[in-house]
Amino acid sequence: MTQAKTLQPEEARQKLKFYQKGTFTVGNRLVSEEERSVQASEDRSNALTSGHRACQGCGEALGARYAIDAAMRATDSDLIAVNATGCLEVFTTPYPETSWQLPWLHSLFGNAAAVATGVAAAMRVKKKKTRVIAQGGDGGTTDIGFQCLSGMFERNDDVLYICYDNEGYMNTGVQRSSATPPAARTATTPAVGPSPGNVFGTGKFLPKIAVAHNIPYVATATVADLHDLERKVVKAMSIHGARYIQINVPCPLGWGAASCDTIKLARLAVESGLYPIFEAEHGRVTQARKIRKQVPVREYLILQKRFAHLFRDGVDDPRVARLQAICDAHIAEYGLLGEDNEV
Amino acid sequence: MLKQIEGSQAMAQAIALCRPEVICAYPITPQTHIVEGVGALVKTGDLENCEFINVESEFAALSVAIGASAAGARAYTATASQGLLFMAEAVYNAAGLGLPIVMTLGNRAIGAPINIWNDHSDAMAMRDAGWIQLFAETNQEAVDLHILAFRLAEELSMPVMVCVDGFILTHAVERVDIPDQAQVDAFLPPYDPVQVLDPEHPASIGAMVGPEAFTEVRFLAHYKQQQALRLIPAFSGELAKAFGRASGGVLRTYRTEDAETVVVAMGSVCGTIKDVVDEMRDEGAKIGVVSLVSYRPFPVEELRRILAPAKNVVVVEKSIAVGVGGPLADNIDGALRNLDGRPKLHSAIAGLGGRPITRASLRRLFHTAVENPWQGAHFLDLNEHAVGREIHRVRKIRRSGSTAENILRQLAAANPLPPG
Ligand SMILES: Cc1ncc(C[n+]2csc(CCOP(=O)(O)OP(=O)(O)O)c2C)c(N)n1
Ligand code: SF4
Ligand SMILES: [Mg+2]
């Protein structure tokens with residue numbers, strides 16, 4: 001610990017060998033002053049403040065709070081946020097109340113990236129330094145907002161787009177999106193019939209598509225590692241041009257999980273290899289967050305009712321093995337096992 | 001300055017004189033020349049302090065304008081037909097958010113069957129979206145209405161659509177007087193938003209509103225449009241004084257004083273109708289025309305006042321609300337509602353998909369309206385032979401195929417190509 005204090009924050013994160021049991025997640029006590037999360041600090045901007053209507057244990061609320069506060073710190077609070085329709089928009093702004101303490105605009109479900117482009121253009125023409133973030137759920141990002149998002153990427157507009165990926169259309173009652181994992185039960189992929197739940201071989205992993213746009217910065221993050229999340233947001237805000245961060249945010253309601261298990265599930269998603277956490281710059285993957293000890297995906301699945309049909313009658317459905325194979329493939333593709341270092 | 005110039009280029013120059021700060025557009029005929037024109041002015045540096053953004057769809061074009069406008073920039077876009085439908089959700093959203101965006105609509109038919117030529121179905125599809133909709137009769141008026149549109153939009157904090165007939169105006173080269181920068185600057189002050197995204201004064205814009213307030217929000221939008229009925233003539237008057245010519249107003253009348261028959265129409269066709277009115281006046285007919293500039297807001301009182309003394313009102317419009325008839329005729333009917341001794345209303349659908357509206361056909365139409373009136377909507381110059389055959393064919397054959405292609409086949413058979 002004393003050794004960490006002598007290191008630069010970035011360096012410290014790389015070199016630190018203290019981690020929570022079984023993971024590389026660094027606890028607050030173990031990092032240098034500069035690196036600690038500041039949720040209790042009076043200086044915290046609390047851009048997403050208390051009083052909102054999210055469910056207990058909502059990963060999206062947590063992710064948004066940390067992401068936007070980190071961006072507020074990085075920009076000296078000179079920040080505007082654009083929000084797509086979805087849980088985050090609905091639970092934060094029940095008229096006439098709002099939980100947002102920064103300028104915030106909601107237009108439509110599928111146009112957040114384009115609206116943010118417009119805000120950024122206005123800032124440029126007015127010669128203001130104000131930075132712009134767009135944010136939305138996985139549905140608003142990977143499905144209905146995909147065209148606007150790709151356009152914003154392709155033009156390299158000066159916008160950080162943050163996707164809160166809870167793997168489904170939660171606001172409308174948990175329907176399937178193109179980010180819903182295979183086998184998962186949703187309202188539109190019910191756990192009935194010969195192949196219950198979401199179909200294998202479908203869906204898309206948007207971060208890879210974002211990387212293919214050769215934009216300056218792409219990252220995935222998780223609410224299980226808020227330090228890493230904050231660091232990535234701060235890094236993204238140090239760069240101009242189109243940037244994309246996708247945060248895995250468990251949804252207790254949609255996933256059929258206990259509210260107290262949000263962080264645990266987020267961690268298991270990473271440690272199983274199901275949700276690869278990496279960074280890419282200008283079309284090239286530059287860093288992958290290593291897994292210290294791979295956890296069987298079963299441990300992740302069994303905590304969620306959306307996968308309950310895989311464990312009926314005390315027997316594992318063969319599709320558990322198929323999900324395990326997906327995890328193993330991610331581990332191989334991103335080199336997730338081993339020491340934490342640059343790719 | 002007087003110029004012999006294509007309508008689109010004239011409009012582009014007028015838009016540039018309004019000093020837009022963010023322009024975003026996606027190409028669609030017949031709007032293309034307008035945005036190419038302003039785009040070039042940005043690229044050369046003639047239009048300073050302006051971001052021109054090439055977007056990937058009309059939905060994005062208007063969304064970019066929404067973001068820019070909410071952030072305090074004067075925003076402009078243009079589209080037509082399919083493009084307007086593609087951005088439909090954002091069209092309502094811009095109005096709901098009260099953002100003073102100005103959009104040119106190069107009026108064009110909506111497919112299928114796909115058709116690039118002029119009619120007003122696109123404007124009609126968005127008539128209830130909460131935008132002000134102004135129709136230009138000439139390219140001179142198109143120029144002036146754009147300048148007026150920015151002033152009106154920003155005064156009311158409400159978006160304005162300037163509707164210009166595709167090809168007939170956008171691609172016509174004619175004499176247009178383009179004001180100079182000082183004249184426009186004197187008329188149009190810098191944009192001062194009623195609400196803006198500003199880190200110094202953070203506000204949440206676009207929050208959820210439930211049944212407890214939604215009616216009031218909509219009432220106020222309606223109320224604001226009623227205010228425009230007063231502002232449009234006031235601003236048109238200011239423009240007339242500055243530019244030395246009359247443009248705009250909510251409507252204009254032509255030889256209606258003692259008219260027993262009054263024709264109502266919008267856009268460029270009013271020019272042809274005026275010619276017919278002159279001819280018929282020479283023959284002793286008491287006929288006049290109302291050129292409606294402001295379709296939204298709809299000037300109910302004004303129309304009622306002008307139309308009340310007439311015996312016959314003929315509405316000539318370039319759109320069809322399938323299953324009902326002419327939307328403009330319906331609105332005019334509404335304006336005459338409960339009026340004692342109200343004039344008879346005759347609805348004509350003309351010029352769909354670019355079909356020319358000729359003086360001869362209009363003359364026949366106006367005579368028939370008085371002498372042998374029809375019920376419902378009359379389709380001007382309908383090829384009754386062709387539709388009759390098609391109706392008959394469809395009745396006989398279950399797998400009768402595409403109506404559009406069958407009509408074309410009939411026309412080809414009736415007018416075969418010369419041999420060789
Ligand atoms: C054009 C349009 N289609 C559908 C909807 C309905 N809708 C609102 S929010 C939502 C789901 C949002 O899902 P996601 O983006 O994943 O965000 P989440 O609620 O899961 O955080 C849907 C389908 C809408 N508002 N607009
Ligand atoms: S449904 Fe899910 S995403 Fe929405 S507020 Fe509840 S926990 Fe959060
Ligand atoms: Mg979602």
# chains A, B, ... in the order shown; residues from 1 in each chain; ligands from 1
>>> residues_near_ligand(ligand="ligand 2", cutoff="9 Å", atoms="only C-alpha atoms and all ligand atoms", output="PDB file with N, CA and C atoms, in the first residue's frame")
ATOM      1  N   ARG A  53     -36.481   7.010  -9.367  1.00  0.00           N
ATOM      2  CA  ARG A  53     -37.413   5.897  -9.152  1.00  0.00           C
ATOM      3  C   ARG A  53     -36.885   4.545  -9.625  1.00  0.00           C
ATOM      4  N   ALA A  54     -35.578   4.387  -9.692  1.00  0.00           N
ATOM      5  CA  ALA A  54     -35.068   3.086 -10.136  1.00  0.00           C
ATOM      6  C   ALA A  54     -35.400   2.009  -9.109  1.00  0.00           C
ATOM      7  N   CYS A  55     -35.468   0.753  -9.589  1.00  0.00           N
ATOM      8  CA  CYS A  55     -35.693  -0.365  -8.673  1.00  0.00           C
ATOM      9  C   CYS A  55     -34.504  -0.474  -7.718  1.00  0.00           C
ATOM     10  N   GLN A  56     -34.756  -1.138  -6.616  1.00  0.00           N
ATOM     11  CA  GLN A  56     -33.678  -1.406  -5.677  1.00  0.00           C
ATOM     12  C   GLN A  56     -32.612  -2.256  -6.375  1.00  0.00           C
ATOM     13  N   GLY A  57     -31.380  -1.877  -6.211  1.00  0.00           N
ATOM     14  CA  GLY A  57     -30.289  -2.664  -6.781  1.00  0.00           C
ATOM     15  C   GLY A  57     -30.106  -2.483  -8.274  1.00  0.00           C
ATOM     16  N   CYS A  58     -30.671  -1.423  -8.850  1.00  0.00           N
ATOM     17  CA  CYS A  58     -30.578  -1.193 -10.294  1.00  0.00           C
ATOM     18  C   CYS A  58     -29.137  -0.902 -10.720  1.00  0.00           C
ATOM     19  N   GLY A  59     -28.603  -1.758 -11.564  1.00  0.00           N
ATOM     20  CA  GLY A  59     -27.229  -1.576 -12.019  1.00  0.00           C
ATOM     21  C   GLY A  59     -27.078  -0.357 -12.919  1.00  0.00           C
ATOM     22  N   GLU A  60     -28.151  -0.051 -13.650  1.00  0.00           N
ATOM     23  CA  GLU A  60     -28.112   1.087 -14.571  1.00  0.00           C
ATOM     24  C   GLU A  60     -27.970   2.407 -13.803  1.00  0.00           C
ATOM     25  N   ALA A  61     -28.711   2.527 -12.688  1.00  0.00           N
ATOM     26  CA  ALA A  61     -28.617   3.747 -11.877  1.00  0.00           C
ATOM     27  C   ALA A  61     -27.203   3.897 -11.324  1.00  0.00           C
ATOM     28  N   GLY A  86     -35.906   5.227 -22.173  1.00  0.00           N
ATOM     29  CA  GLY A  86     -35.576   3.959 -21.527  1.00  0.00           C
ATOM     30  C   GLY A  86     -35.651   4.130 -20.026  1.00  0.00           C
ATOM     31  N   CYS A  87     -35.328   3.074 -19.305  1.00  0.00           N
ATOM     32  CA  CYS A  87     -35.423   3.128 -17.843  1.00  0.00           C
ATOM     33  C   CYS A  87     -34.727   4.357 -17.264  1.00  0.00           C
ATOM     34  N   LEU A  88     -33.479   4.589 -17.689  1.00  0.00           N
ATOM     35  CA  LEU A  88     -32.702   5.684 -17.103  1.00  0.00           C
ATOM     36  C   LEU A  88     -33.417   7.026 -17.269  1.00  0.00           C
ATOM     37  N   VAL A  90     -36.708   7.431 -17.797  1.00  0.00           N
ATOM     38  CA  VAL A  90     -37.999   7.445 -17.099  1.00  0.00           C
ATOM     39  C   VAL A  90     -37.812   7.547 -15.589  1.00  0.00           C
ATOM     40  N   PHE A  91     -36.873   6.779 -15.041  1.00  0.00           N
ATOM     41  CA  PHE A  91     -36.789   6.795 -13.578  1.00  0.00           C
ATOM     42  C   PHE A  91     -36.117   8.058 -13.033  1.00  0.00           C
ATOM     43  N   GLY A 137     -29.974   2.865 -23.155  1.00  0.00           N
ATOM     44  CA  GLY A 137     -29.935   1.447 -22.835  1.00  0.00           C
ATOM     45  C   GLY A 137     -29.469   0.645 -24.039  1.00  0.00           C
ATOM     46  N   TYR A 164     -25.789   1.660 -21.385  1.00  0.00           N
ATOM     47  CA  TYR A 164     -26.006   0.875 -20.169  1.00  0.00           C
ATOM     48  C   TYR A 164     -26.688  -0.416 -20.582  1.00  0.00           C
ATOM     49  N   ASP A 165     -25.895  -1.470 -20.614  1.00  0.00           N
ATOM     50  CA  ASP A 165     -26.355  -2.727 -21.191  1.00  0.00           C
ATOM     51  C   ASP A 165     -26.941  -3.626 -20.104  1.00  0.00           C
ATOM     52  N   ASN A 166     -28.256  -3.654 -20.038  1.00  0.00           N
ATOM     53  CA  ASN A 166     -28.906  -4.597 -19.117  1.00  0.00           C
ATOM     54  C   ASN A 166     -29.570  -5.727 -19.897  1.00  0.00           C
ATOM     55  N   GLY A 168     -31.668  -6.105 -22.374  1.00  0.00           N
ATOM     56  CA  GLY A 168     -33.072  -6.229 -22.746  1.00  0.00           C
ATOM     57  C   GLY A 168     -33.790  -4.902 -22.679  1.00  0.00           C
ATOM     58  N   TYR A 169     -34.988  -4.901 -23.238  1.00  0.00           N
ATOM     59  CA  TYR A 169     -35.848  -3.712 -23.168  1.00  0.00           C
ATOM     60  C   TYR A 169     -36.553  -3.729 -21.819  1.00  0.00           C
ATOM     61  N   MET A 170     -35.933  -3.140 -20.827  1.00  0.00           N
ATOM     62  CA  MET A 170     -36.466  -3.241 -19.479  1.00  0.00           C
ATOM     63  C   MET A 170     -37.640  -2.296 -19.254  1.00  0.00           C
ATOM     64  N   ASN A 171     -37.529  -1.094 -19.781  1.00  0.00           N
ATOM     65  CA  ASN A 171     -38.553  -0.088 -19.512  1.00  0.00           C
ATOM     66  C   ASN A 171     -39.932  -0.509 -19.990  1.00  0.00           C
ATOM     67  N   THR A 172     -39.976  -1.311 -21.055  1.00  0.00           N
ATOM     68  CA  THR A 172     -41.275  -1.730 -21.584  1.00  0.00           C
ATOM     69  C   THR A 172     -41.678  -3.105 -21.062  1.00  0.00           C
ATOM     70  N   GLY A 173     -40.933  -3.620 -20.087  1.00  0.00           N
ATOM     71  CA  GLY A 173     -41.353  -4.873 -19.482  1.00  0.00           C
ATOM     72  C   GLY A 173     -40.531  -6.071 -19.900  1.00  0.00           C
ATOM     73  N   VAL A 174     -39.231  -5.860 -20.101  1.00  0.00           N
ATOM     74  CA  VAL A 174     -38.268  -6.957 -20.297  1.00  0.00           C
ATOM     75  C   VAL A 174     -38.533  -7.764 -21.569  1.00  0.00           C
ATOM     76  N   VAL A 249     -24.736  -3.649 -16.858  1.00  0.00           N
ATOM     77  CA  VAL A 249     -25.481  -3.202 -15.682  1.00  0.00           C
ATOM     78  C   VAL A 249     -26.612  -4.188 -15.363  1.00  0.00           C
ATOM     79  N   PRO A 250     -26.413  -5.071 -14.427  1.00  0.00           N
ATOM     80  CA  PRO A 250     -27.469  -6.037 -14.096  1.00  0.00           C
ATOM     81  C   PRO A 250     -28.766  -5.336 -13.702  1.00  0.00           C
ATOM     82  N   CYS A 251     -29.867  -5.987 -14.083  1.00  0.00           N
ATOM     83  CA  CYS A 251     -31.200  -5.450 -13.814  1.00  0.00           C
ATOM     84  C   CYS A 251     -31.957  -6.485 -12.986  1.00  0.00           C
ATOM     85  N   PRO A 252     -32.048  -6.268 -11.690  1.00  0.00           N
ATOM     86  CA  PRO A 252     -32.682  -7.273 -10.825  1.00  0.00           C
ATOM     87  C   PRO A 252     -34.079  -7.648 -11.299  1.00  0.00           C
ATOM     88  N   LEU A 253     -34.832  -6.652 -11.751  1.00  0.00           N
ATOM     89  CA  LEU A 253     -36.204  -6.927 -12.167  1.00  0.00           C
ATOM     90  C   LEU A 253     -36.241  -7.790 -13.426  1.00  0.00           C
ATOM     91  N   GLY A 254     -35.486  -7.392 -14.419  1.00  0.00           N
ATOM     92  CA  GLY A 254     -35.533  -8.081 -15.712  1.00  0.00           C
ATOM     93  C   GLY A 254     -34.824  -9.423 -15.694  1.00  0.00           C
ATOM     94  N   TRP A 255     -33.819  -9.541 -14.840  1.00  0.00           N
ATOM     95  CA  TRP A 255     -33.040 -10.774 -14.826  1.00  0.00           C
ATOM     96  C   TRP A 255     -33.596 -11.772 -13.813  1.00  0.00           C
ATOM     97  N   SER A 259     -31.930  -8.136  -5.453  1.00  0.00           N
ATOM     98  CA  SER A 259     -31.370  -6.779  -5.543  1.00  0.00           C
ATOM     99  C   SER A 259     -29.957  -6.718  -4.970  1.00  0.00           C
TER     100      SER A 259
END
>>> interface_residues(of="chain A", to="chain B", cutoff="7 Å", atoms="only C-alpha atoms", output="ChimeraX atom specification")
/A:78-80,90,93-95,98,100-107,111,114-119,121-122,125,148,151
>>> write_last_selection(atoms="C-alpha atoms", output="compact mmCIF listing (two decimals), in the first residue's frame")
# COMPACT_ATOMS: atom_id res chain seq x y z
CA ASP A 78 -18.72 21.65 -18.15
CA LEU A 79 -20.89 18.87 -19.51
CA ILE A 80 -24.22 18.29 -21.28
CA VAL A 90 -38.00 7.44 -17.10
CA THR A 93 -37.32 12.53 -14.71
CA PRO A 94 -40.87 12.03 -13.52
CA TYR A 95 -42.27 15.46 -14.35
CA THR A 98 -35.52 15.53 -12.09
CA TRP A 100 -30.10 15.35 -13.04
CA GLN A 101 -27.87 18.11 -11.84
CA LEU A 102 -26.34 18.78 -15.21
CA PRO A 103 -28.01 20.08 -18.40
CA TRP A 104 -29.91 17.10 -19.74
CA LEU A 105 -32.00 16.55 -22.86
CA HIS A 106 -34.28 13.69 -23.78
CA SER A 107 -35.60 13.69 -27.33
CA ASN A 111 -31.81 9.43 -31.84
CA ALA A 114 -27.63 12.37 -33.46
CA VAL A 115 -29.05 14.80 -30.92
CA ALA A 116 -25.68 14.75 -29.16
CA THR A 117 -24.00 15.48 -32.49
CA GLY A 118 -26.22 18.54 -32.76
CA VAL A 119 -25.34 19.70 -29.25
CA ALA A 121 -21.97 21.16 -33.23
CA ALA A 122 -23.66 23.99 -31.36
CA VAL A 125 -19.95 26.98 -33.49
CA CYS A 148 -27.70 7.26 -35.63
CA GLY A 151 -23.38 7.85 -38.24
>>> select_by_dssp(residues="segment 228-343 of chain A", states="alpha helix (DSSP H)", output="number ranges by chain")
A: 228-237, 252-255, 262-271, 297-301, 318-334
>>> write_last_selection(atoms="N, CA and C atoms", output="short mmCIF file (atom, residue, chain, number, x, y, z; two decimals), in the first residue's frame")
data_model
loop_
_atom_site.label_atom_id
_atom_site.label_comp_id
_atom_site.auth_asym_id
_atom_site.auth_seq_id
_atom_site.Cartn_x
_atom_site.Cartn_y
_atom_site.Cartn_z
N ASP A 228 -12.31 0.93 -12.45
CA ASP A 228 -12.02 0.75 -13.87
C ASP A 228 -13.00 1.56 -14.71
N LEU A 229 -14.26 1.55 -14.31
CA LEU A 229 -15.29 2.32 -15.02
C LEU A 229 -14.96 3.81 -15.00
N GLU A 230 -14.65 4.31 -13.82
CA GLU A 230 -14.33 5.74 -13.70
C GLU A 230 -13.09 6.09 -14.52
N ARG A 231 -12.10 5.22 -14.44
CA ARG A 231 -10.85 5.48 -15.18
C ARG A 231 -11.14 5.57 -16.68
N LYS A 232 -12.00 4.66 -17.16
CA LYS A 232 -12.29 4.64 -18.58
C LYS A 232 -13.06 5.89 -19.01
N VAL A 233 -13.98 6.31 -18.17
CA VAL A 233 -14.73 7.53 -18.50
C VAL A 233 -13.79 8.74 -18.52
N VAL A 234 -12.92 8.80 -17.52
CA VAL A 234 -11.97 9.92 -17.47
C VAL A 234 -11.08 9.90 -18.71
N LYS A 235 -10.63 8.71 -19.05
CA LYS A 235 -9.78 8.59 -20.24
C LYS A 235 -10.55 9.03 -21.48
N ALA A 236 -11.78 8.56 -21.59
CA ALA A 236 -12.60 8.93 -22.75
C ALA A 236 -12.75 10.44 -22.84
N MET A 237 -12.90 11.09 -21.70
CA MET A 237 -13.09 12.54 -21.72
C MET A 237 -11.80 13.29 -22.02
N PRO A 252 -32.05 -6.27 -11.69
CA PRO A 252 -32.68 -7.27 -10.83
C PRO A 252 -34.08 -7.65 -11.30
N LEU A 253 -34.83 -6.65 -11.75
CA LEU A 253 -36.20 -6.93 -12.17
C LEU A 253 -36.24 -7.79 -13.43
N GLY A 254 -35.49 -7.39 -14.42
CA GLY A 254 -35.53 -8.08 -15.71
C GLY A 254 -34.82 -9.42 -15.69
N TRP A 255 -33.82 -9.54 -14.84
CA TRP A 255 -33.04 -10.77 -14.83
C TRP A 255 -33.60 -11.77 -13.81
N THR A 262 -26.63 -7.55 -7.43
CA THR A 262 -26.26 -6.80 -8.64
C THR A 262 -24.75 -6.82 -8.89
N ILE A 263 -23.98 -6.49 -7.87
CA ILE A 263 -22.53 -6.42 -8.07
C ILE A 263 -21.96 -7.83 -8.26
N LYS A 264 -22.51 -8.76 -7.51
CA LYS A 264 -22.04 -10.15 -7.63
C LYS A 264 -22.26 -10.66 -9.06
N LEU A 265 -23.43 -10.39 -9.60
CA LEU A 265 -23.72 -10.86 -10.97
C LEU A 265 -22.82 -10.17 -11.98
N ALA A 266 -22.63 -8.88 -11.79
CA ALA A 266 -21.75 -8.15 -12.71
C ALA A 266 -20.35 -8.75 -12.66
N ARG A 267 -19.92 -9.11 -11.46
CA ARG A 267 -18.57 -9.69 -11.31
C ARG A 267 -18.51 -11.06 -11.97
N LEU A 268 -19.55 -11.87 -11.74
CA LEU A 268 -19.55 -13.21 -12.32
C LEU A 268 -19.61 -13.15 -13.86
N ALA A 269 -20.31 -12.15 -14.39
CA ALA A 269 -20.37 -12.00 -15.85
C ALA A 269 -18.97 -11.79 -16.41
N VAL A 270 -18.16 -11.07 -15.66
CA VAL A 270 -16.78 -10.82 -16.09
C VAL A 270 -15.91 -12.04 -15.83
N GLU A 271 -16.01 -12.56 -14.65
CA GLU A 271 -15.09 -13.64 -14.24
C GLU A 271 -15.39 -14.95 -14.97
N VAL A 297 -19.69 -20.61 -15.90
CA VAL A 297 -20.81 -19.71 -16.18
C VAL A 297 -22.07 -20.12 -15.43
N ARG A 298 -22.14 -21.41 -15.09
CA ARG A 298 -23.26 -21.94 -14.32
C ARG A 298 -23.51 -21.13 -13.05
N GLU A 299 -22.43 -20.73 -12.39
CA GLU A 299 -22.55 -19.98 -11.13
C GLU A 299 -23.23 -18.63 -11.36
N TYR A 300 -23.01 -18.08 -12.55
CA TYR A 300 -23.64 -16.81 -12.92
C TYR A 300 -25.11 -17.03 -13.28
N LEU A 301 -25.34 -18.07 -14.08
CA LEU A 301 -26.69 -18.31 -14.60
C LEU A 301 -27.68 -18.68 -13.51
N PRO A 318 -28.42 -28.92 -21.73
CA PRO A 318 -27.19 -28.88 -22.56
C PRO A 318 -26.79 -27.47 -22.99
N ARG A 319 -27.75 -26.57 -22.95
CA ARG A 319 -27.42 -25.21 -23.39
C ARG A 319 -26.52 -24.47 -22.40
N VAL A 320 -26.40 -24.99 -21.18
CA VAL A 320 -25.43 -24.41 -20.23
C VAL A 320 -24.02 -24.58 -20.82
N ALA A 321 -23.80 -25.76 -21.38
CA ALA A 321 -22.49 -26.03 -21.99
C ALA A 321 -22.24 -25.12 -23.18
N ARG A 322 -23.31 -24.83 -23.92
CA ARG A 322 -23.13 -23.92 -25.09
C ARG A 322 -22.78 -22.51 -24.61
N LEU A 323 -23.39 -22.10 -23.50
CA LEU A 323 -23.04 -20.78 -22.95
C LEU A 323 -21.61 -20.79 -22.43
N GLN A 324 -21.22 -21.92 -21.84
CA GLN A 324 -19.84 -22.05 -21.36
C GLN A 324 -18.87 -21.92 -22.55
N ALA A 325 -19.24 -22.52 -23.66
CA ALA A 325 -18.37 -22.45 -24.85
C ALA A 325 -18.22 -21.00 -25.33
N ILE A 326 -19.30 -20.23 -25.20
CA ILE A 326 -19.23 -18.81 -25.58
C ILE A 326 -18.23 -18.09 -24.68
N CYS A 327 -18.31 -18.38 -23.38
CA CYS A 327 -17.37 -17.77 -22.43
C CYS A 327 -15.93 -18.14 -22.79
N ASP A 328 -15.71 -19.42 -23.04
CA ASP A 328 -14.36 -19.88 -23.37
C ASP A 328 -13.84 -19.20 -24.64
N ALA A 329 -14.73 -19.02 -25.58
CA ALA A 329 -14.33 -18.36 -26.83
C ALA A 329 -13.93 -16.91 -26.55
N HIS A 330 -14.68 -16.22 -25.69
CA HIS A 330 -14.32 -14.84 -25.33
C HIS A 330 -12.94 -14.81 -24.68
N ILE A 331 -12.69 -15.77 -23.81
CA ILE A 331 -11.42 -15.80 -23.09
C ILE A 331 -10.26 -15.97 -24.08
N ALA A 332 -10.49 -16.86 -25.05
CA ALA A 332 -9.45 -17.07 -26.06
C ALA A 332 -9.30 -15.83 -26.94
N GLU A 333 -10.42 -15.26 -27.36
CA GLU A 333 -10.37 -14.14 -28.30
C GLU A 333 -9.68 -12.92 -27.69
N TYR A 334 -10.00 -12.61 -26.44
CA TYR A 334 -9.45 -11.40 -25.83
C TYR A 334 -8.25 -11.69 -24.92
#
>>> select_by_dssp(residues="segment 212-365 of chain B", states="strand (DSSP E or B)", output="number ranges by chain")
B: 251-254, 261-265, 287-292, 294-296, 312-317, 321, 325, 344-349
>>> closest_residue(among="A:Tyr244, A:Phe109, A:Phe153, A:Phe278", to="ligand 3", atoms="only C-alpha atoms and all ligand atoms")
A:Phe109
>>> residues_around(residues="segment 399-403 of chain B", least_positions_apart="3", cutoff="12 Å", atoms="only C-alpha atoms", output="list in words")
Ala112, Pro113, Ala386, Val387, Arg389, Glu390, Ile391, His392, Arg393, Val394, Arg395, Lys396, Asn406, Ile407, Leu408, Arg409 and Gln410 of chain B
>>> write_last_selection(atoms="C-alpha atoms", output="PDB file, in the first residue's frame")
ATOM      1  CA  ALA B 112     -45.802   3.737 -53.253  1.00  0.00           C
ATOM      2  CA  PRO B 113     -45.846   3.990 -56.205  1.00  0.00           C
ATOM      3  CA  ALA B 386     -58.285   3.669 -67.399  1.00  0.00           C
ATOM      4  CA  VAL B 387     -59.679   3.415 -63.872  1.00  0.00           C
ATOM      5  CA  ARG B 389     -61.033  -0.850 -66.960  1.00  0.00           C
ATOM      6  CA  GLU B 390     -58.834  -1.499 -63.952  1.00  0.00           C
ATOM      7  CA  ILE B 391     -61.808  -1.748 -61.585  1.00  0.00           C
ATOM      8  CA  HIS B 392     -63.434  -4.171 -63.964  1.00  0.00           C
ATOM      9  CA  ARG B 393     -60.256  -6.256 -64.297  1.00  0.00           C
ATOM     10  CA  VAL B 394     -59.683  -6.460 -60.540  1.00  0.00           C
ATOM     11  CA  ARG B 395     -63.245  -7.691 -60.089  1.00  0.00           C
ATOM     12  CA  LYS B 396     -62.721 -10.443 -62.607  1.00  0.00           C
ATOM     13  CA  ASN B 406     -51.582  -2.214 -64.879  1.00  0.00           C
ATOM     14  CA  ILE B 407     -52.472   1.430 -65.389  1.00  0.00           C
ATOM     15  CA  LEU B 408     -49.108   2.043 -67.058  1.00  0.00           C
ATOM     16  CA  ARG B 409     -49.632  -0.990 -69.275  1.00  0.00           C
ATOM     17  CA  GLN B 410     -53.026   0.355 -70.315  1.00  0.00           C
TER      18      GLN B 410
END
>>> residues_around(residues="Arg127 of chain B", least_positions_apart="4", cutoff="10 Å", atoms="only C-alpha atoms", output="PyMOL selection string")
chain B and resi 121-123+131-133+161+295-297+327
>>> write_last_selection(atoms="C-alpha atoms", output="CSV table (one decimal), in the first residue's frame")
chain,number,residue,atom,x,y,z
B,121,SER,CA,-49.1,14.8,-49.6
B,122,ASP,CA,-45.9,15.1,-47.6
B,123,ALA,CA,-46.9,18.4,-46.0
B,131,TRP,CA,-45.2,22.9,-36.9
B,132,ILE,CA,-46.2,26.1,-38.5
B,133,GLN,CA,-46.6,25.4,-42.3
B,161,MET,CA,-41.8,24.4,-42.3
B,295,TYR,CA,-51.9,26.2,-43.6
B,296,ARG,CA,-50.9,25.7,-40.0
B,297,PRO,CA,-52.0,27.7,-38.1
B,327,PRO,CA,-57.8,17.6,-46.4
>>> residues_around(residues="segment 199-202 of chain A", least_positions_apart="6", cutoff="12 Å", atoms="only C-alpha atoms", output="ChimeraX atom specification")
/A:176-186,188-191,319-320,322-323,325-326
>>> closest_residue(among="A:Val295, A:Thr220, A:Pro207, A:Cys163", to="ligand 1", atoms="only C-alpha atoms and all ligand atoms")
A:Cys163
>>> closest_residue(among="A:Ile144, A:Ala47, A:Ala224, A:Ala70", to="ligand 3", atoms="only C-alpha atoms and all ligand atoms")
A:Ile144
>>> residues_around(residues="Tyr217 of chain A", least_positions_apart="2", cutoff="7 Å", atoms="only C-alpha atoms", output="ChimeraX atom specification")
/A:215,219,236,243-244,280-282
>>> residues_around(residues="Ile349 of chain B", least_positions_apart="6", cutoff="9 Å", atoms="only C-alpha atoms", output="PyMOL selection string")
chain B and resi 315-320+325-326+377-380
>>> atom_distance(atom1="atom CA of Pro196 of chain A", atom2="atom CA of Asp316 of chain A")
13.7 Å
>>> atom_distance(atom1="atom CA of Arg337 of chain B", atom2="atom CA of Gly248 of chain B")
25.9 Å
